[in-house]
file target.cif (mmCIF, C-alpha atoms (C1' of nucleotides))
data_query
#
loop_
_atom_site.label_atom_id
_atom_site.label_comp_id
_atom_site.auth_asym_id
_atom_site.auth_seq_id
_atom_site.Cartn_x
_atom_site.Cartn_y
_atom_site.Cartn_z
CA MET A 1 -176.21 -91.63 50.19
CA PHE A 2 -175.11 -88.55 48.26
CA ASP A 3 -171.99 -89.45 46.34
CA VAL A 4 -169.56 -92.20 45.47
CA ASP A 5 -167.53 -91.71 48.63
CA ASP A 6 -170.55 -92.20 50.86
CA VAL A 7 -171.07 -95.57 49.22
CA LEU A 8 -167.44 -96.54 49.57
CA GLN A 9 -167.53 -95.61 53.25
CA THR A 10 -170.51 -97.87 53.67
CA LEU A 11 -168.44 -100.69 52.20
CA ALA A 12 -165.62 -99.95 54.64
CA ALA A 13 -168.07 -99.90 57.53
CA HIS A 14 -169.03 -103.46 56.62
CA GLU A 15 -165.38 -104.57 56.35
CA LEU A 16 -165.68 -105.04 52.64
CA LYS A 17 -162.82 -104.23 50.31
CA LEU A 18 -162.85 -101.12 48.17
CA THR A 19 -161.78 -102.61 44.87
CA PRO A 20 -161.54 -100.58 41.67
CA GLN A 21 -164.23 -102.81 40.17
CA ARG A 22 -166.71 -101.91 42.89
CA ARG A 23 -165.82 -98.26 42.65
CA ARG A 24 -166.48 -98.30 38.93
CA VAL A 25 -169.84 -100.00 39.28
CA VAL A 26 -170.91 -97.40 41.81
CA GLU A 27 -169.72 -94.59 39.55
CA VAL A 28 -171.86 -95.87 36.71
CA PHE A 29 -174.97 -95.41 38.82
CA PHE A 30 -174.01 -91.90 39.81
CA ARG A 31 -173.44 -91.06 36.15
CA HIS A 32 -176.92 -92.38 35.24
CA PRO A 33 -179.29 -91.02 37.84
CA GLY A 34 -182.86 -92.23 37.63
CA GLU A 35 -182.13 -94.92 35.06
CA HIS A 36 -183.01 -98.58 35.47
CA LEU A 37 -179.79 -100.33 34.47
CA SER A 38 -179.53 -104.04 33.69
CA ALA A 39 -176.42 -106.00 34.66
CA ASP A 40 -175.43 -105.92 31.03
CA ASP A 41 -175.85 -102.15 30.83
CA VAL A 42 -173.52 -101.74 33.78
CA TYR A 43 -171.10 -104.27 32.33
CA ALA A 44 -170.91 -102.44 29.00
CA GLU A 45 -170.45 -99.09 30.70
CA VAL A 46 -167.72 -100.33 33.04
CA ARG A 47 -165.88 -102.09 30.23
CA ARG A 48 -165.60 -98.91 28.19
CA GLU A 49 -162.83 -97.79 30.50
CA HIS A 50 -161.88 -101.01 32.21
CA PRO A 51 -162.19 -103.77 29.58
CA ASP A 52 -160.92 -106.61 31.72
CA VAL A 53 -163.76 -106.74 34.26
CA GLY A 54 -165.75 -109.93 34.33
CA LEU A 55 -169.51 -110.05 34.06
CA ALA A 56 -169.60 -112.26 37.15
CA THR A 57 -168.01 -109.47 39.13
CA ILE A 58 -170.71 -107.10 37.95
CA TYR A 59 -173.39 -109.51 39.15
CA ARG A 60 -171.64 -110.06 42.48
CA THR A 61 -171.26 -106.33 43.00
CA LEU A 62 -174.87 -105.59 42.12
CA ASP A 63 -176.01 -108.24 44.58
CA LEU A 64 -173.74 -106.87 47.26
CA LEU A 65 -174.87 -103.28 46.78
CA SER A 66 -178.50 -104.37 46.80
CA ASP A 67 -178.02 -106.24 50.05
CA LEU A 68 -176.45 -103.15 51.57
CA GLY A 69 -179.47 -101.12 50.51
CA ILE A 70 -177.37 -98.94 48.21
CA LEU A 71 -179.13 -100.23 45.10
CA ASP A 72 -182.68 -101.36 44.52
CA LYS A 73 -183.24 -104.39 42.35
CA LEU A 74 -186.28 -104.02 40.12
CA GLU A 75 -188.11 -106.40 37.79
CA PHE A 76 -190.10 -105.16 34.86
CA GLY A 77 -191.03 -108.54 33.49
CA ASP A 78 -188.67 -108.49 30.53
CA GLY A 79 -186.59 -111.35 31.87
CA ARG A 80 -183.73 -109.32 33.26
CA SER A 81 -183.22 -107.55 36.55
CA ARG A 82 -182.67 -103.82 36.69
CA TYR A 83 -180.92 -101.78 39.33
CA GLU A 84 -180.85 -98.18 40.41
CA LEU A 85 -179.53 -96.15 43.31
CA ASP A 86 -181.78 -96.28 46.30
CA ARG A 87 -183.25 -92.82 46.59
CA GLY A 88 -185.44 -92.00 49.55
CA GLU A 89 -187.85 -89.82 47.66
CA ARG A 90 -188.44 -91.27 44.28
CA GLU A 91 -190.87 -90.06 41.70
CA ARG A 92 -193.99 -92.15 41.85
CA HIS A 93 -194.80 -93.67 38.51
CA LEU A 94 -198.51 -93.87 38.08
CA HIS A 95 -199.89 -94.61 34.64
CA LEU A 96 -203.44 -94.29 33.35
CA ILE A 97 -203.90 -96.55 30.34
CA CYS A 98 -207.03 -96.08 28.24
CA THR A 99 -208.28 -99.44 27.03
CA ARG A 100 -210.25 -97.82 24.20
CA CYS A 101 -207.80 -95.45 22.50
CA GLY A 102 -204.60 -96.80 24.02
CA ARG A 103 -203.38 -93.44 25.23
CA VAL A 104 -201.23 -93.38 28.33
CA GLU A 105 -201.39 -90.53 30.79
CA GLU A 106 -198.87 -90.04 33.54
CA LEU A 107 -199.83 -88.71 36.91
CA GLN A 108 -197.73 -87.13 39.61
CA PRO A 109 -197.64 -88.63 43.05
CA ASP A 110 -200.13 -87.28 45.39
CA GLU A 111 -200.85 -87.16 49.01
CA LEU A 112 -203.45 -89.93 48.83
CA LEU A 113 -200.91 -92.35 47.42
CA ALA A 114 -198.47 -91.40 50.16
CA ARG A 115 -201.18 -92.18 52.68
CA LEU A 116 -201.93 -95.50 51.02
CA GLU A 117 -198.27 -96.43 51.32
CA GLY A 118 -198.18 -95.26 54.91
CA GLU A 119 -201.17 -97.48 55.59
CA ILE A 120 -199.42 -100.44 53.97
CA GLU A 121 -196.41 -99.90 56.22
CA ARG A 122 -198.56 -99.52 59.29
CA ARG A 123 -200.53 -102.68 58.59
CA THR A 124 -197.78 -104.99 57.35
CA GLY A 125 -194.39 -103.51 58.24
CA PHE A 126 -193.51 -103.46 54.55
CA LEU A 127 -191.39 -100.46 53.54
CA VAL A 128 -192.37 -99.27 50.07
CA VAL A 129 -189.33 -98.15 48.09
CA ASP A 130 -190.64 -98.12 44.55
CA ARG A 131 -193.86 -98.79 42.81
CA GLU A 132 -195.27 -99.62 39.43
CA LEU A 133 -198.91 -98.63 39.24
CA LYS A 134 -201.04 -99.17 36.19
CA PHE A 135 -204.68 -98.16 36.10
CA TYR A 136 -206.73 -99.37 33.14
CA GLY A 137 -209.96 -97.73 32.11
CA LEU A 138 -211.49 -95.03 29.93
CA CYS A 139 -209.95 -91.62 29.46
CA ALA A 140 -212.21 -88.55 29.53
CA GLY A 141 -212.32 -88.33 25.73
CA CYS A 142 -213.32 -91.93 25.23
CA ARG A 143 -215.99 -91.69 27.90
CA ALA A 144 -217.53 -88.74 26.05
CA ASP A 145 -217.24 -90.55 22.72
CA ARG A 146 -218.90 -93.63 24.08
CA GLN A 147 -221.72 -91.63 25.62
CA ALA A 148 -222.28 -89.90 22.28
CA GLY A 149 -222.36 -93.29 20.56
CA ARG A 150 -219.18 -92.60 18.58
CA MET B 1 -215.23 -117.73 33.77
CA PHE B 2 -216.67 -120.09 36.37
CA ASP B 3 -215.48 -123.58 35.57
CA VAL B 4 -213.35 -125.68 33.30
CA ASP B 5 -216.05 -125.96 30.65
CA ASP B 6 -216.36 -122.20 30.33
CA VAL B 7 -212.67 -122.08 29.54
CA LEU B 8 -212.91 -124.89 27.03
CA GLN B 9 -215.79 -123.12 25.31
CA THR B 10 -213.65 -120.02 25.03
CA LEU B 11 -211.03 -122.12 23.26
CA ALA B 12 -213.67 -123.44 20.87
CA ALA B 13 -214.91 -119.92 20.22
CA HIS B 14 -211.43 -119.03 19.03
CA GLU B 15 -211.16 -122.12 16.81
CA LEU B 16 -208.51 -123.61 18.99
CA LYS B 17 -208.33 -127.33 19.63
CA LEU B 18 -209.47 -128.82 22.91
CA THR B 19 -206.59 -131.17 23.54
CA PRO B 20 -206.31 -133.25 26.70
CA GLN B 21 -203.11 -131.38 27.55
CA ARG B 22 -204.89 -128.03 27.56
CA ARG B 23 -207.77 -129.42 29.55
CA ARG B 24 -205.38 -130.71 32.19
CA VAL B 25 -203.55 -127.40 32.50
CA VAL B 26 -206.83 -125.60 33.01
CA GLU B 27 -207.93 -128.15 35.60
CA VAL B 28 -204.78 -127.54 37.62
CA PHE B 29 -205.71 -123.89 38.04
CA PHE B 30 -209.23 -124.73 39.14
CA ARG B 31 -207.83 -127.16 41.68
CA HIS B 32 -205.53 -124.45 43.10
CA PRO B 33 -207.60 -121.30 43.39
CA GLY B 34 -205.76 -118.17 44.45
CA GLU B 35 -202.30 -119.71 44.09
CA HIS B 36 -199.49 -118.25 42.02
CA LEU B 37 -198.30 -121.23 40.02
CA SER B 38 -195.05 -121.33 38.08
CA ALA B 39 -194.76 -123.23 34.81
CA ASP B 40 -192.90 -125.90 36.69
CA ASP B 41 -195.60 -126.17 39.35
CA VAL B 42 -198.17 -126.75 36.64
CA TYR B 43 -195.87 -129.20 34.85
CA ALA B 44 -195.36 -131.27 37.98
CA GLU B 45 -199.07 -131.30 38.77
CA VAL B 46 -200.09 -132.30 35.25
CA ARG B 47 -197.45 -135.02 35.07
CA ARG B 48 -198.77 -136.73 38.17
CA GLU B 49 -201.62 -138.10 36.10
CA HIS B 50 -200.34 -137.60 32.58
CA PRO B 51 -196.58 -138.28 32.70
CA ASP B 52 -195.91 -137.90 29.00
CA VAL B 53 -196.70 -134.19 28.65
CA GLY B 54 -193.82 -131.97 27.56
CA LEU B 55 -192.76 -128.88 29.44
CA ALA B 56 -192.83 -126.93 26.18
CA THR B 57 -196.52 -127.69 25.88
CA ILE B 58 -197.07 -126.30 29.36
CA TYR B 59 -195.32 -123.08 28.40
CA ARG B 60 -197.24 -122.83 25.13
CA THR B 61 -200.53 -123.44 26.90
CA LEU B 62 -199.81 -120.87 29.61
CA ASP B 63 -198.98 -118.31 26.93
CA LEU B 64 -202.14 -119.13 25.04
CA LEU B 65 -204.39 -118.90 28.08
CA SER B 66 -202.79 -115.61 29.08
CA ASP B 67 -203.40 -114.17 25.63
CA LEU B 68 -207.04 -115.20 25.91
CA GLY B 69 -207.32 -113.42 29.24
CA ILE B 70 -208.07 -116.67 31.06
CA LEU B 71 -204.86 -116.50 33.05
CA ASP B 72 -202.90 -113.57 34.40
CA LYS B 73 -199.15 -113.74 34.07
CA LEU B 74 -197.41 -112.28 37.09
CA GLU B 75 -193.78 -111.38 37.70
CA PHE B 76 -192.51 -111.25 41.24
CA GLY B 77 -188.82 -110.88 40.56
CA ASP B 78 -187.76 -114.39 41.54
CA GLY B 79 -186.72 -115.20 38.01
CA ARG B 80 -189.80 -117.20 37.04
CA SER B 81 -193.22 -116.21 35.81
CA ARG B 82 -196.28 -117.13 37.79
CA TYR B 83 -199.83 -117.60 36.60
CA GLU B 84 -203.25 -117.55 38.15
CA LEU B 85 -206.83 -117.60 36.94
CA ASP B 86 -207.97 -114.14 35.96
CA ARG B 87 -209.94 -112.92 38.93
CA GLY B 88 -212.02 -110.37 37.10
CA GLU B 89 -211.41 -106.70 36.91
CA ARG B 90 -212.35 -105.33 40.28
CA GLU B 91 -210.79 -107.95 42.50
CA ARG B 92 -207.26 -108.00 41.26
CA HIS B 93 -204.70 -108.09 44.01
CA LEU B 94 -202.22 -105.58 45.15
CA HIS B 95 -198.78 -107.10 45.51
CA LEU B 96 -195.98 -106.22 47.91
CA ILE B 97 -192.72 -107.59 46.52
CA CYS B 98 -189.69 -107.70 48.80
CA THR B 99 -186.61 -106.90 46.75
CA ARG B 100 -184.32 -108.56 49.29
CA CYS B 101 -185.86 -111.97 49.97
CA GLY B 102 -188.27 -112.08 47.03
CA ARG B 103 -191.30 -112.90 49.11
CA VAL B 104 -194.65 -111.68 47.82
CA GLU B 105 -197.40 -110.51 50.12
CA GLU B 106 -200.91 -109.86 48.94
CA LEU B 107 -203.22 -107.15 50.08
CA GLN B 108 -206.84 -106.58 49.27
CA PRO B 109 -207.64 -103.26 47.65
CA ASP B 110 -209.01 -101.12 50.40
CA GLU B 111 -210.91 -97.96 50.99
CA LEU B 112 -207.86 -95.71 50.65
CA LEU B 113 -207.23 -97.13 47.20
CA ALA B 114 -210.86 -96.55 46.27
CA ARG B 115 -210.43 -92.93 47.31
CA LEU B 116 -207.25 -92.64 45.28
CA GLU B 117 -209.16 -93.87 42.25
CA GLY B 118 -211.97 -91.46 42.98
CA GLU B 119 -209.43 -88.66 43.12
CA ILE B 120 -207.96 -89.73 39.78
CA GLU B 121 -211.42 -89.56 38.23
CA ARG B 122 -212.16 -86.18 39.77
CA ARG B 123 -208.88 -84.68 38.58
CA THR B 124 -208.55 -86.19 35.12
CA GLY B 125 -211.92 -87.58 34.11
CA PHE B 126 -210.33 -91.01 33.74
CA LEU B 127 -212.60 -93.88 34.80
CA VAL B 128 -210.58 -96.63 36.45
CA VAL B 129 -211.86 -100.08 35.52
CA ASP B 130 -208.93 -102.30 36.36
CA ARG B 131 -205.54 -102.00 37.98
CA GLU B 132 -202.21 -103.71 38.38
CA LEU B 133 -200.31 -102.53 41.41
CA LYS B 134 -196.85 -103.61 42.46
CA PHE B 135 -195.08 -102.09 45.41
CA TYR B 136 -191.38 -102.89 45.71
CA GLY B 137 -189.54 -102.59 48.97
CA LEU B 138 -188.49 -104.41 52.10
CA CYS B 139 -190.72 -106.75 54.04
CA ALA B 140 -190.74 -106.50 57.82
CA GLY B 141 -188.33 -109.41 58.22
CA CYS B 142 -185.75 -108.04 55.82
CA ARG B 143 -185.92 -104.59 57.39
CA ALA B 144 -185.05 -106.14 60.73
CA ASP B 145 -182.29 -108.23 59.17
CA ARG B 146 -180.79 -105.25 57.44
CA GLN B 147 -180.86 -103.17 60.60
CA ALA B 148 -179.10 -105.98 62.43
CA GLY B 149 -176.47 -106.13 59.68
CA ARG B 150 -177.47 -109.64 58.63
"C1'" DG C 1 -207.31 -135.55 5.22
"C1'" DT C 2 -205.76 -131.16 7.01
"C1'" DC C 3 -203.15 -128.54 9.65
"C1'" DG C 4 -202.96 -127.30 14.50
"C1'" DC C 5 -200.73 -129.36 18.34
"C1'" DT C 6 -197.42 -132.19 20.68
"C1'" DG C 7 -192.98 -134.14 22.57
"C1'" DC C 8 -188.36 -134.07 22.19
"C1'" DA C 9 -184.00 -132.08 21.99
"C1'" DA C 10 -181.34 -128.36 21.05
"C1'" DA C 11 -180.84 -123.40 21.46
"C1'" DT C 12 -181.21 -119.03 23.94
"C1'" DG C 13 -180.49 -115.63 27.39
"C1'" DT C 14 -179.70 -114.42 32.14
"C1'" DT C 15 -177.58 -115.31 36.32
"C1'" DT C 16 -174.66 -118.29 39.38
"C1'" DT C 17 -170.77 -121.03 40.78
"C1'" DG C 18 -166.07 -123.50 41.14
"C1'" DC C 19 -161.52 -122.52 41.22
"C1'" DA C 20 -156.85 -120.87 40.88
"C1'" DA C 21 -154.72 -116.45 40.65
"C1'" DT C 22 -154.66 -111.73 42.46
"C1'" DA C 23 -154.78 -107.81 45.39
"C1'" DA C 24 -156.84 -104.97 49.38
"C1'" DT C 25 -156.22 -104.72 54.05
"C1'" DA D 1 -149.55 -112.57 55.45
"C1'" DT D 2 -154.40 -113.32 55.17
"C1'" DT D 3 -158.27 -113.91 53.07
"C1'" DA D 4 -161.71 -111.48 50.38
"C1'" DT D 5 -162.21 -110.70 45.61
"C1'" DT D 6 -161.48 -111.36 40.84
"C1'" DG D 7 -161.72 -113.37 35.86
"C1'" DC D 8 -162.68 -117.12 33.37
"C1'" DA D 9 -165.19 -120.98 31.94
"C1'" DA D 10 -168.58 -124.05 32.95
"C1'" DA D 11 -172.96 -124.80 35.08
"C1'" DA D 12 -177.51 -123.79 36.28
"C1'" DC D 13 -181.75 -121.91 35.44
"C1'" DA D 14 -186.19 -120.49 32.93
"C1'" DT D 15 -187.98 -120.17 28.58
"C1'" DT D 16 -188.21 -120.63 23.42
"C1'" DT D 17 -187.82 -122.82 19.06
"C1'" DG D 18 -187.21 -126.31 15.08
"C1'" DC D 19 -189.08 -130.18 13.48
"C1'" DA D 20 -191.13 -134.68 12.46
"C1'" DG D 21 -195.00 -137.20 13.89
"C1'" DC D 22 -199.61 -137.27 15.97
"C1'" DG D 23 -204.38 -136.37 16.58
"C1'" DA D 24 -208.65 -133.14 17.03
"C1'" DC D 25 -211.58 -131.39 13.89
#

call {"tool": "encode", "arguments": {"input": "target.cif", "output": "C-alpha cells"}}
result
Amino acid sequence: MFDVDDVLQTLAAHELKLTPQRRRVVEVFFRHPGEHLSADDVYAEVRREHPDVGLATIYRTLDLLSDLGILDKLEFGDGRSRYELDRGERERHLHLICTRCGRVEELQPDELLARLEGEIERRTGFLVVDRELKFYGLCAGCRADRQAGR
Amino acid sequence: MFDVDDVLQTLAAHELKLTPQRRRVVEVFFRHPGEHLSADDVYAEVRREHPDVGLATIYRTLDLLSDLGILDKLEFGDGRSRYELDRGERERHLHLICTRCGRVEELQPDELLARLEGEIERRTGFLVVDRELKFYGLCAGCRADRQAGR
DNA sequence: GTCGCTGCAAATGTTTTGCAATAAT
DNA sequence: ATTATTGCAAAACATTTGCAGCGAC
C-alpha cells in the first residue's frame, strides 16, 4: 500500500465503487502520515474541499477501509476511535513513566520487543500491528535520589 | 486488597461514606474475580438484589474506586469501559486486542517480557515496577477471515 | 444537623441506521 | 439499468451532569 491508487485498486478488486467521497477520505490519510485521526478529524478535513459530504459516509468509509486492512482502528481511551494507514513497519511506541518525578522517556523499538511479538504470534496466531506500551517505575535520577535519602 | 472489608476501610480512610450502594458494587467484583466487567454488567448484577440503584451511581462508584486504585479501568475498543479489581503491580495482564472483531485475549507476562524489562534497566537505569501493555492487531480468526475475503 | 451521596431525568458526545435520492459500474 | 452508495435526520449507545431529596456520619 504505497499511494492512493493502490488503495483504489484494492477497492476495485473487491467490487466496491470508487466514489469521490472514498477517494477523498483516502487522500486525507496520505496527507497526514503517522497521525491518529478521529472520524471528526477526517470529516473536517474532507469538508474543507467537499463541504457536502455526510459524517455518516465518513464513518462508513472508515469502517470499510478498516475491514479491508487499509486502515487500522485504534482506541486511546478518550471515547473516540482513531484511524491511521496500516503500515507494515510502524514505530514502536514504548514509554517509560517515572512515578516519582513524572518524567516520560521514550524508547526506540528493539530486537527483544520484536521477539516478544514474534512469540505472541507463534503462541496465539495473533498478528501484532500496533502497540501501546507503558512501563511505570523509577527513572535513574529518582533511584539515585531515593538511595541518597533525598 | 484482599476482601470487601479492606476496600471499605480504604473508603473510610479517605473520609468517604460507606453506602450500601458502594458496598454492593465492590461485592460484585469480588464475586467475579478476573472478569472485565462493564458498567452495565455491574449495574445488572447489583440490581438483581437491590433493584432501586441508579446507573449514574454505578458510574460514579466505578470512577471513585478507580481513582482510589481499587479498580483498574480498561479500554478494549468496543466502545465501553471495563473494570476489574486491581491485581497488584507485578501481575497485571498483557492484552491482545483484535481491531477487527474487538475480542480481547489475555496473556501472562512471560520470560521474554522479563528480559525486555531487564534490558530497559540495563540501557537506561529505569527500574520497571508496573506496566500496561496493549497490543493491537488481528486475532487468528480474523486473519483467516480476511485472507478468505470474508 | 450537615453535607456527601443518591436516583431520576435530561443532556452530551460518538457512532449507527432507515430511507429516498443519486451515481458508479 | 442495476444496485451500491450517499446525505440527511433520527436513533442508538455509553457516559455525564443538574438537582432536589435522602441518609451516613

call {"tool": "resolve_selection", "arguments": {"input": "target.cif", "expression": "the PyMOL selection byres ((chain C) within 10 of (chain B))", "output": "PyMOL selection string"}}
result
chain C and resi 4-8+14-15

call {"tool": "atom_distance", "arguments": {"input": "target.cif", "atom1": "CA of Leu133 in chain B", "atom2": "CA of Glu121 in chain A"}}
result
15.5 Å

call {"tool": "atom_distance", "arguments": {"input": "target.cif", "atom1": "CA of Tyr43 in chain B", "atom2": "CA of Ile58 in chain B"}}
result
6.3 Å

call {"tool": "residues_around", "arguments": {"input": "target.cif", "residues": "DA11 in chain D", "least_positions_apart": "4", "cutoff": "10 Å", "atoms": "only C-alpha atoms (C1' of nucleotides)", "output": "list in words"}}
result
DT16, DT17 and DG18 of chain C

call {"tool": "calpha_fit_rmsd", "arguments": {"input": "target.cif", "fixed": "chain A", "moving": "chain B"}}
result
5.8 Å

call {"tool": "atom_distance", "arguments": {"input": "target.cif", "atom1": "CA of Cys139 in chain B", "atom2": "CA of Leu127 in chain A"}}
result
6.3 Å

call {"tool": "interface_residues", "arguments": {"input": "target.cif", "of": "chain D", "to": "chain A", "cutoff": "9 Å", "atoms": "only C-alpha atoms (C1' of nucleotides)", "output": "short mmCIF file (atom, residue, chain, number, x, y, z; two decimals) with C-alpha atoms (C1' of nucleotides), keeping the file's coordinate frame"}}
result
data_model
loop_
_atom_site.label_atom_id
_atom_site.label_comp_id
_atom_site.auth_asym_id
_atom_site.auth_seq_id
_atom_site.Cartn_x
_atom_site.Cartn_y
_atom_site.Cartn_z
"C1'" DA D 4 -161.71 -111.48 50.38
"C1'" DT D 5 -162.21 -110.70 45.61
"C1'" DT D 6 -161.48 -111.36 40.84
"C1'" DG D 7 -161.72 -113.37 35.86
"C1'" DC D 8 -162.68 -117.12 33.37
#

call {"tool": "resolve_selection", "arguments": {"input": "target.cif", "expression": "the PyMOL selection byres ((chain A) within 7 of (chain B))", "output": "count of residues only"}}
result
23

call {"tool": "resolve_selection", "arguments": {"input": "target.cif", "expression": "the PyMOL selection byres ((chain B and resi 2-13) around 9)", "output": "JSON, numbers by chain"}}
result
{"B": [1, 14, 15, 16, 17, 18, 22, 23, 26, 27, 30, 65, 68, 70]}

call {"tool": "axis_aligned_box", "arguments": {"input": "target.cif", "around": "range 91-106 of chain B", "padding_each_side": "3 Å", "output": "AutoDock Vina command-line options"}}
result
--center_x -197.6 --center_y -109.2 --center_z 45.7 --size_x 32.5 --size_y 13.3 --size_z 14.9
